[in-house]
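Enquirer: Contents of coords31.pdb (PDB, C-alpha atoms) are below:
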```
ATOM      1  CA  MET B   1       7.193 -10.047  -4.735
ATOM      2  CA  ASN B   2       9.387  -7.160  -3.723
ATOM      3  CA  ARG B   3       8.956  -4.401  -6.284
ATOM      4  CA  THR B   4      12.132  -2.602  -5.317
ATOM      5  CA  THR B   5      15.445  -3.825  -6.610
ATOM      6  CA  ASP B   6      17.359  -5.646  -3.929
ATOM      7  CA  ASN B   7      21.005  -5.666  -4.812
ATOM      8  CA  GLY B   8      22.011  -7.035  -1.440
ATOM      9  CA  PRO B   9      24.351  -5.413   1.048
ATOM     10  CA  SER B  10      27.305  -5.059  -1.343
ATOM     11  CA  GLY B  11      25.330  -3.168  -4.019
ATOM     12  CA  GLU B  12      23.904  -1.045  -1.266
ATOM     13  CA  ALA B  13      27.314  -0.261   0.242
ATOM     14  CA  ALA B  14      28.515   1.042  -3.135
ATOM     15  CA  LEU B  15      25.368   3.150  -3.468
ATOM     16  CA  VAL B  16      25.775   4.603   0.025
ATOM     17  CA  ALA B  17      29.430   5.403  -0.705
ATOM     18  CA  GLY B  18      28.367   7.192  -3.903
ATOM     19  CA  LEU B  19      25.716   9.161  -2.037
ATOM     20  CA  LYS B  20      28.177  10.264   0.626
ATOM     21  CA  LYS B  21      30.630  11.396  -2.064
ATOM     22  CA  GLY B  22      27.832  13.461  -3.628
ATOM     23  CA  ASP B  23      27.866  11.498  -6.892
ATOM     24  CA  PRO B  24      24.771  12.581  -8.920
ATOM     25  CA  ALA B  25      24.510   9.106 -10.494
ATOM     26  CA  ALA B  26      24.087   7.625  -7.000
ATOM     27  CA  PHE B  27      21.294  10.080  -6.197
ATOM     28  CA  THR B  28      19.591   9.211  -9.485
ATOM     29  CA  GLU B  29      19.875   5.516  -8.685
ATOM     30  CA  LEU B  30      18.337   6.091  -5.265
ATOM     31  CA  VAL B  31      15.374   7.860  -6.861
ATOM     32  CA  GLU B  32      14.969   5.194  -9.541
ATOM     33  CA  ARG B  33      15.036   2.356  -7.019
ATOM     34  CA  TYR B  34      12.707   3.690  -4.397
ATOM     35  CA  SER B  35      10.425   6.407  -5.787
ATOM     36  CA  GLU B  36       7.696   3.980  -6.897
ATOM     37  CA  THR B  37       7.242   2.390  -3.470
ATOM     38  CA  ILE B  38       7.491   5.758  -1.712
ATOM     39  CA  TYR B  39       4.860   7.195  -4.055
ATOM     40  CA  ASN B  40       2.516   4.277  -3.386
ATOM     41  CA  LEU B  41       2.956   4.493   0.375
ATOM     42  CA  ALA B  42       2.284   8.244   0.235
ATOM     43  CA  LEU B  43      -0.656   7.850  -2.141
ATOM     44  CA  ARG B  44      -2.407   5.319   0.081
ATOM     45  CA  MET B  45      -1.663   7.241   3.263
ATOM     46  CA  THR B  46      -2.957  10.573   1.898
ATOM     47  CA  ASN B  47      -5.422   9.215  -0.692
ATOM     48  CA  ASN B  48      -4.494  12.247  -2.771
ATOM     49  CA  PRO B  49      -2.102  12.184  -5.771
ATOM     50  CA  GLN B  50      -1.085  15.832  -5.298
ATOM     51  CA  GLU B  51      -0.125  15.316  -1.666
ATOM     52  CA  ALA B  52       1.538  12.006  -2.499
ATOM     53  CA  GLU B  53       3.755  13.826  -4.999
ATOM     54  CA  GLU B  54       4.661  16.410  -2.375
ATOM     55  CA  VAL B  55       5.490  13.678   0.151
ATOM     56  CA  LEU B  56       7.659  12.007  -2.484
ATOM     57  CA  GLN B  57       9.568  15.239  -3.097
ATOM     58  CA  ASP B  58       9.878  15.993   0.642
ATOM     59  CA  THR B  59      11.215  12.494   1.245
ATOM     60  CA  PHE B  60      14.070  12.760  -1.219
ATOM     61  CA  ILE B  61      14.890  16.345  -0.231
ATOM     62  CA  SER B  62      15.161  15.222   3.433
ATOM     63  CA  ALA B  63      17.075  12.094   2.485
ATOM     64  CA  PHE B  64      19.598  13.988   0.328
ATOM     65  CA  ARG B  65      20.203  16.427   3.179
ATOM     66  CA  ALA B  66      20.562  13.673   5.784
ATOM     67  CA  VAL B  67      22.481  11.067   3.826
ATOM     68  CA  ASN B  68      25.776  11.878   5.534
ATOM     69  CA  ARG B  69      24.179  10.918   8.823
ATOM     70  CA  PHE B  70      23.040   7.535   7.460
ATOM     71  CA  GLU B  71      25.029   5.038   9.510
ATOM     72  CA  GLY B  72      23.988   1.811   7.846
ATOM     73  CA  ARG B  73      22.284   0.455  10.935
ATOM     74  CA  SER B  74      19.253  -0.291   8.789
ATOM     75  CA  ARG B  75      18.929  -0.921   5.093
ATOM     76  CA  LEU B  76      18.856   2.147   2.892
ATOM     77  CA  SER B  77      15.314   1.278   1.755
ATOM     78  CA  THR B  78      14.098   0.996   5.366
ATOM     79  CA  TRP B  79      15.659   4.353   6.206
ATOM     80  CA  LEU B  80      14.006   6.008   3.180
ATOM     81  CA  TYR B  81      10.581   4.474   3.758
ATOM     82  CA  ARG B  82      10.698   5.650   7.363
ATOM     83  CA  ILE B  83      11.373   9.197   6.186
ATOM     84  CA  ALA B  84       8.487   8.865   3.703
ATOM     85  CA  TYR B  85       6.106   7.437   6.289
ATOM     86  CA  ASN B  86       6.879  10.269   8.708
ATOM     87  CA  ALA B  87       6.485  12.854   5.941
ATOM     88  CA  ALA B  88       3.074  11.381   5.069
ATOM     89  CA  LEU B  89       2.009  11.387   8.723
ATOM     90  CA  MET B  90       3.089  15.005   9.116
ATOM     91  CA  ARG B  91       1.001  15.959   6.118
ATOM     92  CA  LEU B  92      -2.032  14.146   7.516
ATOM     93  CA  ARG B  93      -1.642  15.973  10.822
ATOM     94  CA  ARG B  94      -1.306  19.311   9.063
ATOM     95  CA  ARG B  95      -4.536  18.880   7.145
ATOM     96  CA  GLU B  96      -7.059  21.443   8.186
ATOM     97  CA  LEU B  97      -9.681  21.519   5.475
ATOM     98  CA  PRO B  98     -10.817  18.695   3.242
ATOM     99  CA  THR B  99      -9.152  19.044  -0.148
ATOM    100  CA  GLU B 100     -11.028  19.544  -3.380
ATOM    101  CA  SER B 101     -12.562  16.319  -4.586
ATOM    102  CA  LEU B 102     -11.730  15.098  -8.063
ATOM    103  CA  ASP B 103     -15.361  14.078  -8.402
ATOM    104  CA  GLU B 104     -16.509  17.681  -8.355
ATOM    105  CA  PRO B 105     -16.454  19.130 -11.836
ATOM    106  CA  LEU B 106     -14.667  22.454 -12.169
ATOM    107  CA  LEU B 107     -17.213  25.108 -12.997
ATOM    108  CA  SER B 108     -16.667  28.341 -14.857
ATOM    109  CA  GLU B 109     -18.722  31.391 -13.952
ATOM    110  CA  GLU B 110     -21.385  30.433 -16.469
ATOM    111  CA  GLY B 111     -21.720  27.028 -14.887
ATOM    112  CA  GLU B 112     -20.129  25.084 -17.741
ATOM    113  CA  PRO B 113     -17.871  22.277 -16.496
ATOM    114  CA  LEU B 114     -14.294  22.923 -17.559
ATOM    115  CA  PRO B 115     -12.388  19.976 -19.008
ATOM    116  CA  ARG B 116      -9.355  19.117 -16.854
ATOM    117  CA  GLN B 117      -7.330  17.314 -19.439
ATOM    118  CA  LEU B 118      -7.430  17.272 -23.207
ATOM    119  CA  ALA B 119      -5.967  14.171 -24.807
ATOM    120  CA  ASP B 120      -6.903  11.577 -27.392
ATOM    121  CA  TRP B 121      -8.806   8.544 -26.205
ATOM    122  CA  THR B 122      -6.313   5.976 -27.318
ATOM    123  CA  GLY B 123      -6.678   2.277 -26.648
ATOM    124  CA  ASP B 124      -9.956   0.708 -25.633
ATOM    125  CA  PRO B 125     -12.005   3.165 -23.544
ATOM    126  CA  GLY B 126     -14.378   0.435 -22.333
ATOM    127  CA  ARG B 127     -11.634  -1.775 -20.968
ATOM    128  CA  LYS B 128      -9.869   1.216 -19.465
ATOM    129  CA  LEU B 129     -13.075   2.271 -17.773
ATOM    130  CA  LEU B 130     -13.462  -1.123 -16.110
ATOM    131  CA  GLU B 131      -9.850  -1.118 -15.019
ATOM    132  CA  HIS B 132     -10.238   2.389 -13.619
ATOM    133  CA  GLU B 133     -13.410   1.418 -11.844
ATOM    134  CA  LEU B 134     -11.688  -1.540 -10.232
ATOM    135  CA  ARG B 135      -8.752   0.623  -9.180
ATOM    136  CA  ASP B 136     -11.128   3.179  -7.715
ATOM    137  CA  VAL B 137     -12.951   0.492  -5.752
ATOM    138  CA  LEU B 138      -9.643  -0.888  -4.443
ATOM    139  CA  ALA B 139      -8.340   2.595  -3.568
ATOM    140  CA  GLU B 140     -11.528   3.574  -1.795
ATOM    141  CA  ALA B 141     -11.449   0.411   0.302
ATOM    142  CA  VAL B 142      -7.839   1.053   1.402
ATOM    143  CA  ALA B 143      -8.650   4.700   2.132
ATOM    144  CA  GLY B 144     -11.308   3.492   4.574
ATOM    145  CA  LEU B 145      -8.796   1.546   6.674
ATOM    146  CA  PRO B 146      -7.462   3.037   9.907
ATOM    147  CA  GLU B 147      -4.068   4.706   9.331
ATOM    148  CA  GLY B 148      -2.119   2.079  11.224
ATOM    149  CA  LEU B 149      -3.522  -0.751   9.124
ATOM    150  CA  ARG B 150      -3.168   1.144   5.847
ATOM    151  CA  ALA B 151       0.607   1.533   6.027
ATOM    152  CA  VAL B 152       1.107  -2.130   6.933
ATOM    153  CA  PHE B 153      -1.138  -3.315   4.113
ATOM    154  CA  VAL B 154       0.506  -1.109   1.452
ATOM    155  CA  LEU B 155       4.031  -2.101   2.401
ATOM    156  CA  ARG B 156       3.303  -5.822   2.812
ATOM    157  CA  ASP B 157       0.640  -6.692   0.242
ATOM    158  CA  ILE B 158       0.951  -3.983  -2.417
ATOM    159  CA  GLU B 159       4.670  -3.243  -2.334
ATOM    160  CA  GLY B 160       5.800  -6.700  -1.259
ATOM    161  CA  LEU B 161       8.078  -5.787   1.657
ATOM    162  CA  SER B 162       8.921  -8.521   4.156
ATOM    163  CA  THR B 163       7.313  -8.628   7.587
ATOM    164  CA  ALA B 164      10.697  -7.731   9.117
ATOM    165  CA  GLU B 165      11.273  -4.669   6.927
ATOM    166  CA  THR B 166       7.681  -3.455   7.352
ATOM    167  CA  ALA B 167       8.141  -3.732  11.119
ATOM    168  CA  ALA B 168      11.389  -1.740  10.928
ATOM    169  CA  VAL B 169       9.860   0.994   8.740
ATOM    170  CA  LEU B 170       6.810   1.458  10.944
ATOM    171  CA  ASP B 171       8.570   0.839  14.255
ATOM    172  CA  LEU B 172       6.327  -2.105  15.120
ATOM    173  CA  THR B 173       7.030  -5.630  16.282
ATOM    174  CA  GLU B 174       6.776  -8.360  13.640
ATOM    175  CA  THR B 175       3.857  -9.877  15.536
ATOM    176  CA  ASN B 176       2.104  -6.540  15.435
ATOM    177  CA  VAL B 177       2.683  -6.288  11.668
ATOM    178  CA  LYS B 178       1.146  -9.744  11.199
ATOM    179  CA  VAL B 179      -1.878  -8.920  13.319
ATOM    180  CA  ARG B 180      -2.441  -5.611  11.532
ATOM    181  CA  LEU B 181      -2.011  -7.196   8.116
ATOM    182  CA  HIS B 182      -4.601  -9.800   8.956
ATOM    183  CA  ARG B 183      -7.000  -7.146  10.262
ATOM    184  CA  ALA B 184      -6.468  -5.065   7.115
ATOM    185  CA  ARG B 185      -7.128  -8.016   4.806
ATOM    186  CA  LEU B 186     -10.308  -8.950   6.654
ATOM    187  CA  ALA B 187     -11.573  -5.363   6.550
ATOM    188  CA  LEU B 188     -10.770  -4.990   2.837
ATOM    189  CA  ARG B 189     -12.370  -8.324   2.038
ATOM    190  CA  GLU B 190     -15.460  -7.117   3.796
ATOM    191  CA  ARG B 191     -15.531  -3.866   1.845
ATOM    192  CA  LEU B 192     -14.956  -5.596  -1.485
ATOM    193  CA  ASN B 193     -17.691  -8.065  -0.565
ATOM    194  CA  ALA B 194     -20.206  -5.261  -1.100
ATOM    195  CA  TYR B 195     -19.057  -4.942  -4.712
ATOM    196  CA  PHE B 196     -18.377  -8.501  -5.718
ATOM    197  CA  ALA B 197     -20.676 -10.770  -3.710
ATOM    198  CA  GLY B 198     -23.997 -11.987  -4.997
ATOM    199  CA  PRO B 199     -27.164 -11.267  -3.005
ATOM    200  CA  GLY B 200     -27.190 -14.741  -1.437
ATOM    201  CA  ASP B 201     -23.627 -14.619  -0.176
ATOM    202  CA  ALA B 202     -23.219 -17.002   2.727
ATOM    203  CA  LEU B 203     -20.289 -15.030   4.072
ATOM    204  CA  ALA B 204     -22.309 -11.879   4.653
ATOM    205  CA  GLY B 205     -23.856 -13.611   7.655
ATOM    206  CA  ALA B 206     -20.690 -15.331   8.789
ATOM    207  CA  VAL B 207     -18.691 -12.118   8.898
ATOM    208  CA  GLN B 208     -21.119 -10.438  11.265
ATOM    209  CA  ASP B 209     -19.656 -12.674  13.960
ATOM    210  CA  LEU B 210     -16.199 -11.173  13.495
ATOM    211  CA  PRO B 211     -15.014  -8.447  15.867
ATOM    212  CA  GLN B 212     -16.080  -4.957  14.750
ATOM    213  CA  ARG B 213     -13.888  -3.454  12.074
ATOM    214  CA  GLY B 214     -11.281  -1.130  13.509
ATOM    215  CA  SER B 215     -12.100  -1.675  17.156
ATOM    216  CA  TYR B 216      -9.299  -4.161  17.730
ATOM    217  CA  ALA B 217      -6.888  -2.359  15.434
ATOM    218  CA  ASP B 218      -7.396   0.895  17.278
ATOM    219  CA  ARG B 219      -6.216  -0.718  20.486
ATOM    220  CA  LEU B 220      -2.991  -1.980  18.936
TER     221      LEU B 220
ATOM    222  CA  MET C   1     -19.820 -19.011  12.541
ATOM    223  CA  PRO C   2     -18.829 -21.649  15.129
ATOM    224  CA  ILE C   3     -16.309 -20.831  17.859
ATOM    225  CA  ASP C   4     -13.623 -23.137  16.483
ATOM    226  CA  CYS C   5     -13.752 -21.254  13.150
ATOM    227  CA  LYS C   6     -13.121 -17.951  14.919
ATOM    228  CA  GLU C   7     -10.098 -19.448  16.623
ATOM    229  CA  ARG C   8      -8.701 -20.485  13.276
ATOM    230  CA  LEU C   9      -9.240 -17.029  11.729
ATOM    231  CA  GLY C  10      -6.211 -15.607  13.500
ATOM    232  CA  VAL C  11      -3.836 -17.885  11.631
ATOM    233  CA  LEU C  12      -5.503 -17.544   8.230
ATOM    234  CA  SER C  13      -3.183 -14.765   7.061
ATOM    235  CA  ASP C  14      -0.169 -16.854   8.013
ATOM    236  CA  TYR C  15      -1.777 -19.719   6.138
ATOM    237  CA  LEU C  16      -2.311 -17.552   3.046
ATOM    238  CA  ASN C  17       1.290 -16.306   3.278
ATOM    239  CA  GLY C  18       2.509 -19.901   3.374
ATOM    240  CA  GLU C  19       4.029 -19.220   6.792
ATOM    241  CA  LEU C  20       2.239 -21.897   8.825
ATOM    242  CA  ASP C  21       3.997 -25.067   9.875
ATOM    243  CA  ASP C  22       2.904 -28.293   8.178
ATOM    244  CA  ALA C  23       0.809 -29.608  11.056
ATOM    245  CA  LEU C  24      -1.274 -26.424  11.387
ATOM    246  CA  CYS C  25      -1.556 -26.207   7.615
ATOM    247  CA  ARG C  26      -3.019 -29.701   7.446
ATOM    248  CA  GLU C  27      -5.394 -28.861  10.254
ATOM    249  CA  ILE C  28      -6.665 -25.799   8.377
ATOM    250  CA  GLU C  29      -7.011 -27.731   5.129
ATOM    251  CA  LEU C  30      -8.951 -30.525   6.815
ATOM    252  CA  HIS C  31     -11.232 -27.919   8.336
ATOM    253  CA  LEU C  32     -11.758 -26.242   4.951
ATOM    254  CA  VAL C  33     -12.995 -29.520   3.478
ATOM    255  CA  GLU C  34     -15.852 -29.640   5.939
ATOM    256  CA  CYS C  35     -16.616 -25.939   6.546
ATOM    257  CA  GLY C  36     -18.198 -24.024   3.664
ATOM    258  CA  ASP C  37     -18.099 -20.631   5.424
ATOM    259  CA  CYS C  38     -14.373 -20.847   6.070
ATOM    260  CA  ARG C  39     -13.800 -22.062   2.507
ATOM    261  CA  ILE C  40     -15.511 -18.920   1.180
ATOM    262  CA  LEU C  41     -13.595 -16.747   3.621
ATOM    263  CA  VAL C  42     -10.235 -18.216   2.592
ATOM    264  CA  ASP C  43     -11.144 -17.982  -1.084
ATOM    265  CA  THR C  44     -12.337 -14.364  -0.925
ATOM    266  CA  LEU C  45      -9.400 -13.319   1.257
ATOM    267  CA  GLN C  46      -7.068 -14.872  -1.297
ATOM    268  CA  GLN C  47      -8.875 -13.001  -4.086
ATOM    269  CA  THR C  48      -8.621  -9.754  -2.125
ATOM    270  CA  ILE C  49      -4.860 -10.184  -1.770
ATOM    271  CA  THR C  50      -4.471 -11.122  -5.439
ATOM    272  CA  LEU C  51      -6.523  -8.114  -6.597
ATOM    273  CA  TYR C  52      -4.305  -5.739  -4.660
ATOM    274  CA  ARG C  53      -1.101  -7.442  -5.752
ATOM    275  CA  THR C  54      -2.210  -7.205  -9.381
ATOM    276  CA  HIS C  55      -3.970  -3.834  -9.466
ATOM    277  CA  GLY C  56      -3.091  -2.074  -6.208
ATOM    278  CA  HIS C  57       0.252  -0.594  -7.235
ATOM    279  CA  GLU C  58      -0.004   2.773  -8.984
ATOM    280  CA  THR C  59       2.777   3.689 -11.356
ATOM    281  CA  LEU C  60       4.369   7.039 -10.608
ATOM    282  CA  PRO C  61       2.837   9.377 -13.215
ATOM    283  CA  PRO C  62       5.480  10.501 -15.773
ATOM    284  CA  ASP C  63       4.813  14.198 -15.114
ATOM    285  CA  ALA C  64       5.191  13.680 -11.348
ATOM    286  CA  ARG C  65       8.462  11.882 -12.025
ATOM    287  CA  GLU C  66       9.689  14.794 -14.164
ATOM    288  CA  ARG C  67       8.770  17.291 -11.471
ATOM    289  CA  LEU C  68      10.559  15.164  -8.851
ATOM    290  CA  TYR C  69      13.789  15.232 -10.861
ATOM    291  CA  ALA C  70      13.387  18.958 -11.486
ATOM    292  CA  VAL C  71      12.928  19.672  -7.760
ATOM    293  CA  LEU C  72      15.980  17.543  -6.941
ATOM    294  CA  LYS C  73      17.989  19.265  -9.709
ATOM    295  CA  LEU C  74      18.931  15.911 -11.215
ATOM    296  CA  PRO C  75      18.765  14.940 -14.882
ATOM    297  CA  ALA C  76      15.890  12.440 -15.386
ATOM    298  CA  PRO C  77      17.146   9.142 -16.832
ATOM    299  CA  HIS C  78      15.194   7.650 -19.752
TER     300      HIS C  78
END
```
Let me see the structure of the file written as C-alpha cells.
Expert:
Amino acid sequence: MNRTTDNGPSGEAALVAGLKKGDPAAFTELVERYSETIYNLALRMTNNPQEAEEVLQDTFISAFRAVNRFEGRSRLSTWLYRIAYNAALMRLRRRELPTESLDEPLLSEEGEPLPRQLADWTGDPGRKLLEHELRDVLAEAVAGLPEGLRAVFVLRDIEGLSTAETAAVLDLTETNVKVRLHRARLALRERLNAYFAGPGDALAGAVQDLPQRGSYADRL
Amino acid sequence: MPIDCKERLGVLSDYLNGELDDALCREIELHLVECGDCRILVDTLQQTITLYRTHGHETLPPDARERLYAVLKLPAPH
C-alpha cells in the first residue's frame, strides 16, 4: 500500500533529467508525488502541524538546491525522505520551549476565549467528532513512541514504504527496521488497549509479561 | 503468558506482514487455535495496524499546500 506514485526507474530518470534541466513542471511533479508522505513523516515526528509544514518547506527548498548533486545512487523518494527526516530531527533538536498547545483556548484580555476559525459546520458534526476523536487518539499514541520507533512506524505502516526503503531512508539495517516496527506496533497496541478494551480484557494481564515499553528500543 | 508464547512474539509482525515461510506460519496458526491470549494479541495487533492504515494518514491541508507552492515560487496545480 505505497501511497506515493511509483513510476519505476524509467519514469524517475525522466523526472530527474527534468529537475536537472530546471524544468518547473518537473519540480511541480516532485512536490505532487512526495509532499503528502513528507508531511506525514514530519507531522508524526514533530507532533505539530505548524512545524510539520515548516519541515515540508525546508525539505523541498533543500532538495531543489541540491538536486544537481543527486547521483541516482538511491531512489529519488529515498533521497527526499532522508532530507525530510533530517530536517525533522534538526527541528526536534532545536526545540527549546514547549510550543503552545492547541488545547489551550486563546484568551483575550477580558478572558473571553477567541474563536480560532470561523466556518460553517457542514456535513455531520457528530460523525466528524468521532472521526476526529479517533484520529486524536491514534496521533497521541504515535507521539508517545520513542523517536526511533516513530519514524519506522510512519514510513512502514502509515505511508506503506517497503522494509528496504525504510531502512535506506533511516540508515538502518532491514532487520533493525523489522524489530523496531514490531516494537512500535506492540507499544501502540498497548496504548490503544486503554481506549478500546473492556474492563475484563484478558490481554491486560498477558502484556505485563512483555519487556518494558521503550527499554529494548532505546538500546537499538 | 507462557515462555513459548513470548518466543513466538518476535515473529508476529512478520506473520502479520505475510512474510513468514509456510512452516512457521502453520506453527503460529496451530498455536493460535489453542492459545486464547495469543489469539487476542494477534487480533488486536492486526486491528492496530488496520486503524493506522485507514485513519493514520493526514492529508496535507490545502492552505499548507498553497503556502508550500508559494514558498517554492511554483504555480500550484489543480
Enquirer: When you get a sec, could you note down which chain C residues fall within 9 Å of chain B, using only C-alpha atoms, as a PyMOL selection string?
Expert: chain C and resi 1+6+10-14+36-38+40-41+44-45+47-60+64-65+67-69+71-72+74-77
Enquirer: To one decimal place in Å, what is the distance between atom CA of B:Glu12 and atom CA of C:Lys73?
Expert: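 Taking atom CA of B:Glu12 and atom CA of C:Lys73, their separation equals 22.8 Å.
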Enquirer: Could you jot down the atom CA of C:Asp43 to atom CA of C:Tyr15 separation for me, Å, one decimal place?
Expert: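 These atoms are spaced 12.0 Å apart.
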Enquirer: Which of these, B:Ala168, B:Lys128, B:Ala14, B:Ala151, has the shortest distance to B:Leu80 once you count all atoms listed in the file?
Expert: B:Ala168
Enquirer: Please report the interatomic distance between atom CA of B:Ala184 and atom CA of B:Leu145 in Å with one decimal.
Expert: 7.0 Å
Enquirer: Point out the residue among C:Val33, C:Val42, C:Ala70, C:Pro61 with the least atom-to-atom distance to C:Leu16, counting all atoms listed in the file.
Expert: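 Nearest candidate to C:Leu16 out of C:Val33, C:Val42, C:Ala70, C:Pro61: C:Val42.
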Enquirer: So, counting all atoms listed in the file, which residue among C:Pro62, C:Leu32, C:Cys25, C:Gln46 is closest to C:Cys5?
Expert: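 Residue with the minimum atom-to-atom distance to C:Cys5: C:Leu32.
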Enquirer: Pick out the closest residue to B:Tyr195 from this set: B:Arg180, B:Thr173, B:Val137, B:Ala164. Count all atoms listed in the file.
Expert: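 With all atoms listed in the file as the atom set, the closest residue is B:Val137.
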Enquirer: Mind telling me what the PyMOL selection byres ((chain B and resi 83) around 9) catches here, as a PDB file with C-alpha atoms, in the coordinates of the input?
Expert:
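Output saved as out28.pdb:
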```pdb
ATOM      1  CA  ASP B  58       9.878  15.993   0.642  1.00  0.00           C
ATOM      2  CA  THR B  59      11.215  12.494   1.245  1.00  0.00           C
ATOM      3  CA  PHE B  60      14.070  12.760  -1.219  1.00  0.00           C
ATOM      4  CA  SER B  62      15.161  15.222   3.433  1.00  0.00           C
ATOM      5  CA  ALA B  63      17.075  12.094   2.485  1.00  0.00           C
ATOM      6  CA  THR B  78      14.098   0.996   5.366  1.00  0.00           C
ATOM      7  CA  TRP B  79      15.659   4.353   6.206  1.00  0.00           C
ATOM      8  CA  LEU B  80      14.006   6.008   3.180  1.00  0.00           C
ATOM      9  CA  TYR B  81      10.581   4.474   3.758  1.00  0.00           C
ATOM     10  CA  ARG B  82      10.698   5.650   7.363  1.00  0.00           C
ATOM     11  CA  ALA B  84       8.487   8.865   3.703  1.00  0.00           C
ATOM     12  CA  TYR B  85       6.106   7.437   6.289  1.00  0.00           C
ATOM     13  CA  ASN B  86       6.879  10.269   8.708  1.00  0.00           C
ATOM     14  CA  ALA B  87       6.485  12.854   5.941  1.00  0.00           C
ATOM     15  CA  ALA B  88       3.074  11.381   5.069  1.00  0.00           C
ATOM     16  CA  VAL B 169       9.860   0.994   8.740  1.00  0.00           C
TER      17      VAL B 169
END
```
Enquirer: Counting only C-alpha atoms, which residue out of B:Leu30, B:Met45, B:Arg69, B:Glu51 sits closest to B:Leu149?
Expert: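 Nearest to B:Leu149: B:Met45.
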